[in-house]
Each structure stands twice: as structure tokens, then as C-alpha cells.
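Student: Sharing data-v2.txt, compact mmCIF, C-alpha atoms:
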```
# COMPACT_ATOMS: atom_id res chain seq x y z
CA MET A 27 183.32 116.69 130.73
CA SER A 28 183.59 114.14 127.97
CA PRO A 29 181.17 113.79 125.07
CA GLU A 30 180.11 110.37 126.39
CA VAL A 31 178.82 111.95 129.62
CA VAL A 32 176.81 114.52 127.68
CA ILE A 33 175.35 111.80 125.47
CA ASP A 34 174.40 109.72 128.54
CA ILE A 35 172.66 112.71 130.16
CA PHE A 36 170.84 113.49 126.92
CA ARG A 37 169.83 109.82 126.50
CA GLU A 38 168.43 109.70 130.03
CA ALA A 39 166.55 112.98 129.55
CA LEU A 40 165.11 111.77 126.26
CA SER A 41 163.98 108.46 127.76
CA ILE A 42 162.28 110.30 130.63
CA VAL A 43 160.48 112.60 128.19
CA ILE A 44 159.33 109.66 126.08
CA MET A 45 158.10 107.79 129.16
CA LEU A 46 156.12 110.80 130.41
CA VAL A 47 154.60 111.60 127.03
CA VAL A 48 153.55 107.98 126.46
CA ALA A 49 151.87 107.93 129.87
CA ILE A 50 149.78 110.95 128.91
CA ILE A 51 149.09 110.20 125.25
CA THR A 52 148.15 106.50 125.45
CA PRO A 53 144.78 106.98 127.22
CA ALA A 54 143.91 109.82 124.84
CA LEU A 55 144.76 107.67 121.81
CA LEU A 56 142.63 104.79 123.08
CA THR A 57 139.74 107.17 123.75
CA GLY A 58 140.11 108.66 120.27
CA LEU A 59 140.04 105.17 118.78
CA LEU A 60 136.85 104.27 120.65
CA VAL A 61 135.17 107.52 119.61
CA ALA A 62 136.26 107.02 115.99
CA ILE A 63 134.79 103.51 116.00
CA PHE A 64 131.56 104.89 117.45
CA GLN A 65 131.46 107.66 114.84
CA ALA A 66 132.09 105.22 112.02
CA ALA A 67 129.36 102.88 113.27
CA THR A 68 126.77 105.63 113.65
CA SER A 69 127.87 107.87 110.73
CA ILE A 70 128.12 110.87 113.06
CA ASN A 71 130.74 113.33 111.79
CA GLU A 72 130.93 115.85 114.61
CA GLN A 73 134.38 117.27 115.47
CA THR A 74 133.38 118.15 119.04
CA LEU A 75 132.44 114.54 119.70
CA SER A 76 135.99 113.40 119.02
CA PHE A 77 137.78 116.31 120.71
CA LEU A 78 135.96 116.65 124.03
CA PRO A 79 136.36 113.05 125.31
CA ARG A 80 140.09 113.10 124.49
CA LEU A 81 140.48 116.40 126.32
CA ILE A 82 138.64 115.09 129.38
CA VAL A 83 140.65 111.85 129.43
CA THR A 84 143.94 113.74 129.05
CA LEU A 85 143.11 116.13 131.88
CA THR A 86 141.95 113.27 134.09
CA THR A 87 145.13 111.33 133.34
CA LEU A 88 147.22 114.39 134.22
CA SER A 89 145.37 114.80 137.49
CA TYR A 90 145.97 111.14 138.44
CA ILE A 91 149.61 110.85 137.37
CA GLY A 92 150.63 114.46 138.01
CA ASN A 93 152.42 113.62 141.25
CA TRP A 94 154.47 110.87 139.60
CA PHE A 95 155.00 113.07 136.52
CA PHE A 96 156.52 115.99 138.41
CA GLY A 97 158.31 113.69 140.86
CA THR A 98 160.14 112.06 137.96
CA ILE A 99 161.19 115.43 136.57
CA VAL A 100 162.34 116.66 139.98
CA GLN A 101 164.35 113.48 140.62
CA PHE A 102 166.12 113.86 137.29
CA PHE A 103 166.86 117.51 137.98
CA GLU A 104 168.20 116.68 141.45
CA ARG A 105 170.49 114.01 139.99
CA LEU A 106 171.76 116.53 137.45
CA VAL A 107 172.43 119.21 140.06
CA LEU A 108 174.12 116.78 142.45
CA SER A 109 176.35 115.41 139.69
CA ILE A 110 177.66 118.83 138.63
CA PRO A 111 180.78 118.67 140.86
CA VAL A 112 181.60 115.17 139.61
CA LEU A 113 181.14 116.18 135.97
CA ILE A 114 183.25 119.33 136.26
CA GLY A 115 186.01 117.90 138.42
```
Could I get this file's structure written as C-alpha cells?
Tutor:
Amino acid sequence: MSPEVVIDIFREALSIVIMLVVAIITPALLTGLLVAIFQAATSINEQTLSFLPRLIVTLTTLSYIGNWFFGTIVQFFERLVLSIPVLIG
């Protein structure tokens, strides 16, 4: 196995991880921004008010995209396992 193959596998794995993390974090970031704007407008400085909506949005996002999330990971793992004979030989 050449170093280029290892780098390609690592690059693909890293891009998959970035794609999955962005899909989960983006709704939570937008929710946090909206709550921060609301807190700034009303001068409410409550930590629970900023944490709970982000938690709910993150869990809801995971429940909606969970099938795609784990399907992507399984497809990558299957490609890795099926390419083992090609990489070794």
C-alpha cells in the first residue's frame, strides 16, 4: 500500500466527518444565534435559556438525519472493507 492510497482514504474519511458534523452543528448554531439575539434584545442573561433550545434542536436534527448519518458511515466502512484485497494485493 502506497502513501498516496493512505492519504486518499484519510482525506475521504475527514471529508465525511466534516460533512456529518456540519449537518448536526449548523442548526444548533443558528438556534444559538437566534436565542442570543433574543437575550440581547430583552437583557435576559439566563444560561438555561441558551442551552436548552440548542440541545432540543440538536437532538431533533439527529433524529431526522440519523438514518442518513449512519448510512453514510456504513457505506464508507463497506467501501473500506471491500477494498482491502485491492489495497494489499
Student: With distances taken over all atoms listed in the file, which residue among A:Ile70, A:Ile91, A:Leu75, A:Val100 lies nearest Ala49 of chain A?
Tutor: A:Ile91
Student: Report, in Å with one decimal, the straight-line distance from atom CA of Pro111 of chain A to atom CA of Asp34 of chain A.
Tutor: 16.5 Å
Student: Restricting the calculation to all atoms listed in the file: of A:Pro79, A:Thr74, A:Trp94, A:Leu108, which residue gets closest to Leu60 of chain A?
Tutor: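 Among the listed residues, A:Pro79 lies closest to Leu60 of chain A.
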Student: May I ask for the distance between atom CA of Ile82 of chain A and atom CA of Val48 of chain A, given in Å to one decimal place?
Tutor: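 Between atom CA of Ile82 of chain A and atom CA of Val48 of chain A the gap works out to 16.8 Å.
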Student: Can you write out as CSV which residues of segment 31-81 of chain A fall within 12 Å of segment 95-98 of chain A, alongside each residue's closest atom pair and its distance in Å to one decimal, counting only C-alpha atoms and ordering rows by chain and ascending residue number?
Tutor:
```
residue,atom,partner,partner_atom,distance
A:Glu38,CA,A:Thr98,CA,11.7
A:Ala39,CA,A:Thr98,CA,10.6
A:Ser41,CA,A:Thr98,CA,11.5
A:Ile42,CA,A:Thr98,CA,7.8
A:Val43,CA,A:Thr98,CA,9.8
A:Ile44,CA,A:Phe95,CA,11.8
A:Met45,CA,A:Phe95,CA,9.6
A:Leu46,CA,A:Phe95,CA,6.6
A:Val47,CA,A:Phe95,CA,9.6
A:Val48,CA,A:Phe95,CA,11.4
A:Ala49,CA,A:Phe95,CA,9.0
A:Ile50,CA,A:Phe95,CA,9.5
```
Student: For the selection you just gave me, I'd like the residues written to a file as a PDB file, keeping the file's coordinate frame, keeping C-alpha atoms.
Tutor:
```pdb
ATOM      1  CA  GLU A  38     168.430 109.700 130.030  1.00  0.00           C
ATOM      2  CA  ALA A  39     166.550 112.980 129.550  1.00  0.00           C
ATOM      3  CA  SER A  41     163.980 108.460 127.760  1.00  0.00           C
ATOM      4  CA  ILE A  42     162.280 110.300 130.630  1.00  0.00           C
ATOM      5  CA  VAL A  43     160.480 112.600 128.190  1.00  0.00           C
ATOM      6  CA  ILE A  44     159.330 109.660 126.080  1.00  0.00           C
ATOM      7  CA  MET A  45     158.100 107.790 129.160  1.00  0.00           C
ATOM      8  CA  LEU A  46     156.120 110.800 130.410  1.00  0.00           C
ATOM      9  CA  VAL A  47     154.600 111.600 127.030  1.00  0.00           C
ATOM     10  CA  VAL A  48     153.550 107.980 126.460  1.00  0.00           C
ATOM     11  CA  ALA A  49     151.870 107.930 129.870  1.00  0.00           C
ATOM     12  CA  ILE A  50     149.780 110.950 128.910  1.00  0.00           C
TER      13      ILE A  50
END
```
Student: Excluding Leu78 of chain A and residues on its chain fewer than 4 positions from it, collect all residues at most 12 Å away from it, counting all atoms listed in the file, and give them as an mmCIF file with C-alpha atoms, in the frame of the given file.
Tutor:
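Saved file around.cif follows:
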```
data_model
loop_
_atom_site.group_PDB
_atom_site.id
_atom_site.type_symbol
_atom_site.label_atom_id
_atom_site.label_comp_id
_atom_site.auth_asym_id
_atom_site.auth_seq_id
_atom_site.Cartn_x
_atom_site.Cartn_y
_atom_site.Cartn_z
ATOM 1 C CA ALA A 54 143.910 109.820 124.840
ATOM 2 C CA THR A 57 139.740 107.170 123.750
ATOM 3 C CA GLY A 58 140.110 108.660 120.270
ATOM 4 C CA VAL A 61 135.170 107.520 119.610
ATOM 5 C CA GLU A 72 130.930 115.850 114.610
ATOM 6 C CA GLN A 73 134.380 117.270 115.470
ATOM 7 C CA THR A 74 133.380 118.150 119.040
ATOM 8 C CA ILE A 82 138.640 115.090 129.380
ATOM 9 C CA VAL A 83 140.650 111.850 129.430
ATOM 10 C CA THR A 84 143.940 113.740 129.050
ATOM 11 C CA LEU A 85 143.110 116.130 131.880
#
```
Student: What does the distance between atom CA of Leu113 of chain A and atom CA of Ile33 of chain A come to in Å, to one decimal place?
Tutor: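 These atoms are spaced 12.8 Å apart.
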Student: Save chain A of the structure in the block above to a file, with C-alpha atoms included, as a compact mmCIF listing (two decimals), in the first residue's frame.
Tutor:
```txt
# COMPACT_ATOMS: atom_id res chain seq x y z
CA MET A 27 0.00 0.00 0.00
CA SER A 28 1.44 3.31 -1.05
CA PRO A 29 1.33 6.50 0.98
CA GLU A 30 -0.94 8.09 -1.64
CA VAL A 31 -3.62 5.46 -1.00
CA VAL A 32 -3.47 6.06 2.74
CA ILE A 33 -3.72 9.81 2.20
CA ASP A 34 -6.73 9.35 -0.11
CA ILE A 35 -8.51 7.16 2.47
CA PHE A 36 -7.74 9.66 5.22
CA ARG A 37 -8.93 12.57 3.04
CA GLU A 38 -12.21 10.80 2.29
CA ALA A 39 -12.74 9.93 5.96
CA LEU A 40 -12.02 13.50 7.00
CA SER A 41 -14.43 14.93 4.43
CA ILE A 42 -17.16 12.56 5.61
CA VAL A 43 -16.59 13.58 9.23
CA ILE A 44 -16.71 17.27 8.33
CA MET A 45 -19.90 16.79 6.31
CA LEU A 46 -21.62 14.93 9.16
CA VAL A 47 -20.53 17.40 11.84
CA VAL A 48 -21.65 20.39 9.78
CA ALA A 49 -25.06 18.77 9.27
CA ILE A 50 -25.50 18.48 13.03
CA ILE A 51 -23.89 21.72 14.19
CA THR A 52 -25.42 24.19 11.71
CA PRO A 53 -29.00 24.08 13.09
CA ALA A 54 -27.66 24.35 16.65
CA LEU A 55 -25.53 27.37 15.70
CA LEU A 56 -28.48 29.11 14.05
CA THR A 57 -30.65 28.41 17.09
CA GLY A 58 -27.93 29.75 19.39
CA LEU A 59 -27.71 32.90 17.29
CA LEU A 60 -31.46 33.47 17.47
CA VAL A 61 -31.50 32.91 21.24
CA ALA A 62 -28.51 35.25 21.68
CA ILE A 63 -30.29 37.96 19.68
CA PHE A 64 -33.40 37.45 21.82
CA GLN A 65 -31.34 37.62 25.02
CA ALA A 66 -29.57 40.77 23.89
CA ALA A 67 -32.85 42.43 22.96
CA THR A 68 -34.55 41.59 26.25
CA SER A 69 -31.49 41.78 28.55
CA ILE A 70 -32.18 38.28 29.87
CA ASN A 71 -28.94 36.59 30.95
CA GLU A 72 -30.07 33.07 31.73
CA GLN A 73 -27.72 30.21 30.78
CA THR A 74 -30.53 27.65 30.60
CA LEU A 75 -32.33 29.74 28.02
CA SER A 76 -29.41 29.44 25.62
CA PHE A 77 -28.56 25.79 26.34
CA LEU A 78 -31.94 24.07 26.24
CA PRO A 79 -33.10 25.20 22.75
CA ARG A 80 -29.74 24.20 21.24
CA LEU A 81 -29.96 20.79 22.91
CA ILE A 82 -33.50 20.24 21.65
CA VAL A 83 -32.61 21.33 18.10
CA THR A 84 -29.52 19.10 18.07
CA LEU A 85 -31.46 16.06 19.26
CA THR A 86 -34.25 16.75 16.77
CA THR A 87 -31.72 17.12 13.96
CA LEU A 88 -30.10 13.82 14.95
CA SER A 89 -33.47 12.10 14.95
CA TYR A 90 -34.28 13.40 11.45
CA ILE A 91 -30.90 12.81 9.80
CA GLY A 92 -29.84 9.78 11.85
CA ASN A 93 -30.65 7.34 9.07
CA TRP A 94 -28.57 9.27 6.54
CA PHE A 95 -25.85 9.84 9.16
CA PHE A 96 -25.32 6.17 9.94
CA GLY A 97 -25.91 5.14 6.33
CA THR A 98 -23.01 7.35 5.25
CA ILE A 99 -20.72 5.85 7.88
CA VAL A 100 -21.73 2.30 6.95
CA GLN A 101 -21.19 2.94 3.23
CA PHE A 102 -17.70 4.28 3.91
CA PHE A 103 -16.88 1.30 6.11
CA GLU A 104 -18.17 -1.13 3.47
CA ARG A 105 -16.02 0.53 0.81
CA LEU A 106 -13.00 0.24 3.10
CA VAL A 107 -13.62 -3.44 3.85
CA LEU A 108 -14.27 -4.31 0.20
CA SER A 109 -11.11 -2.50 -0.93
CA ILE A 110 -8.81 -4.38 1.48
CA PRO A 111 -7.85 -7.09 -1.06
CA VAL A 112 -7.10 -4.46 -3.71
CA LEU A 113 -5.00 -2.39 -1.30
CA ILE A 114 -2.99 -5.35 -0.02
CA GLY A 115 -2.50 -7.10 -3.34
```
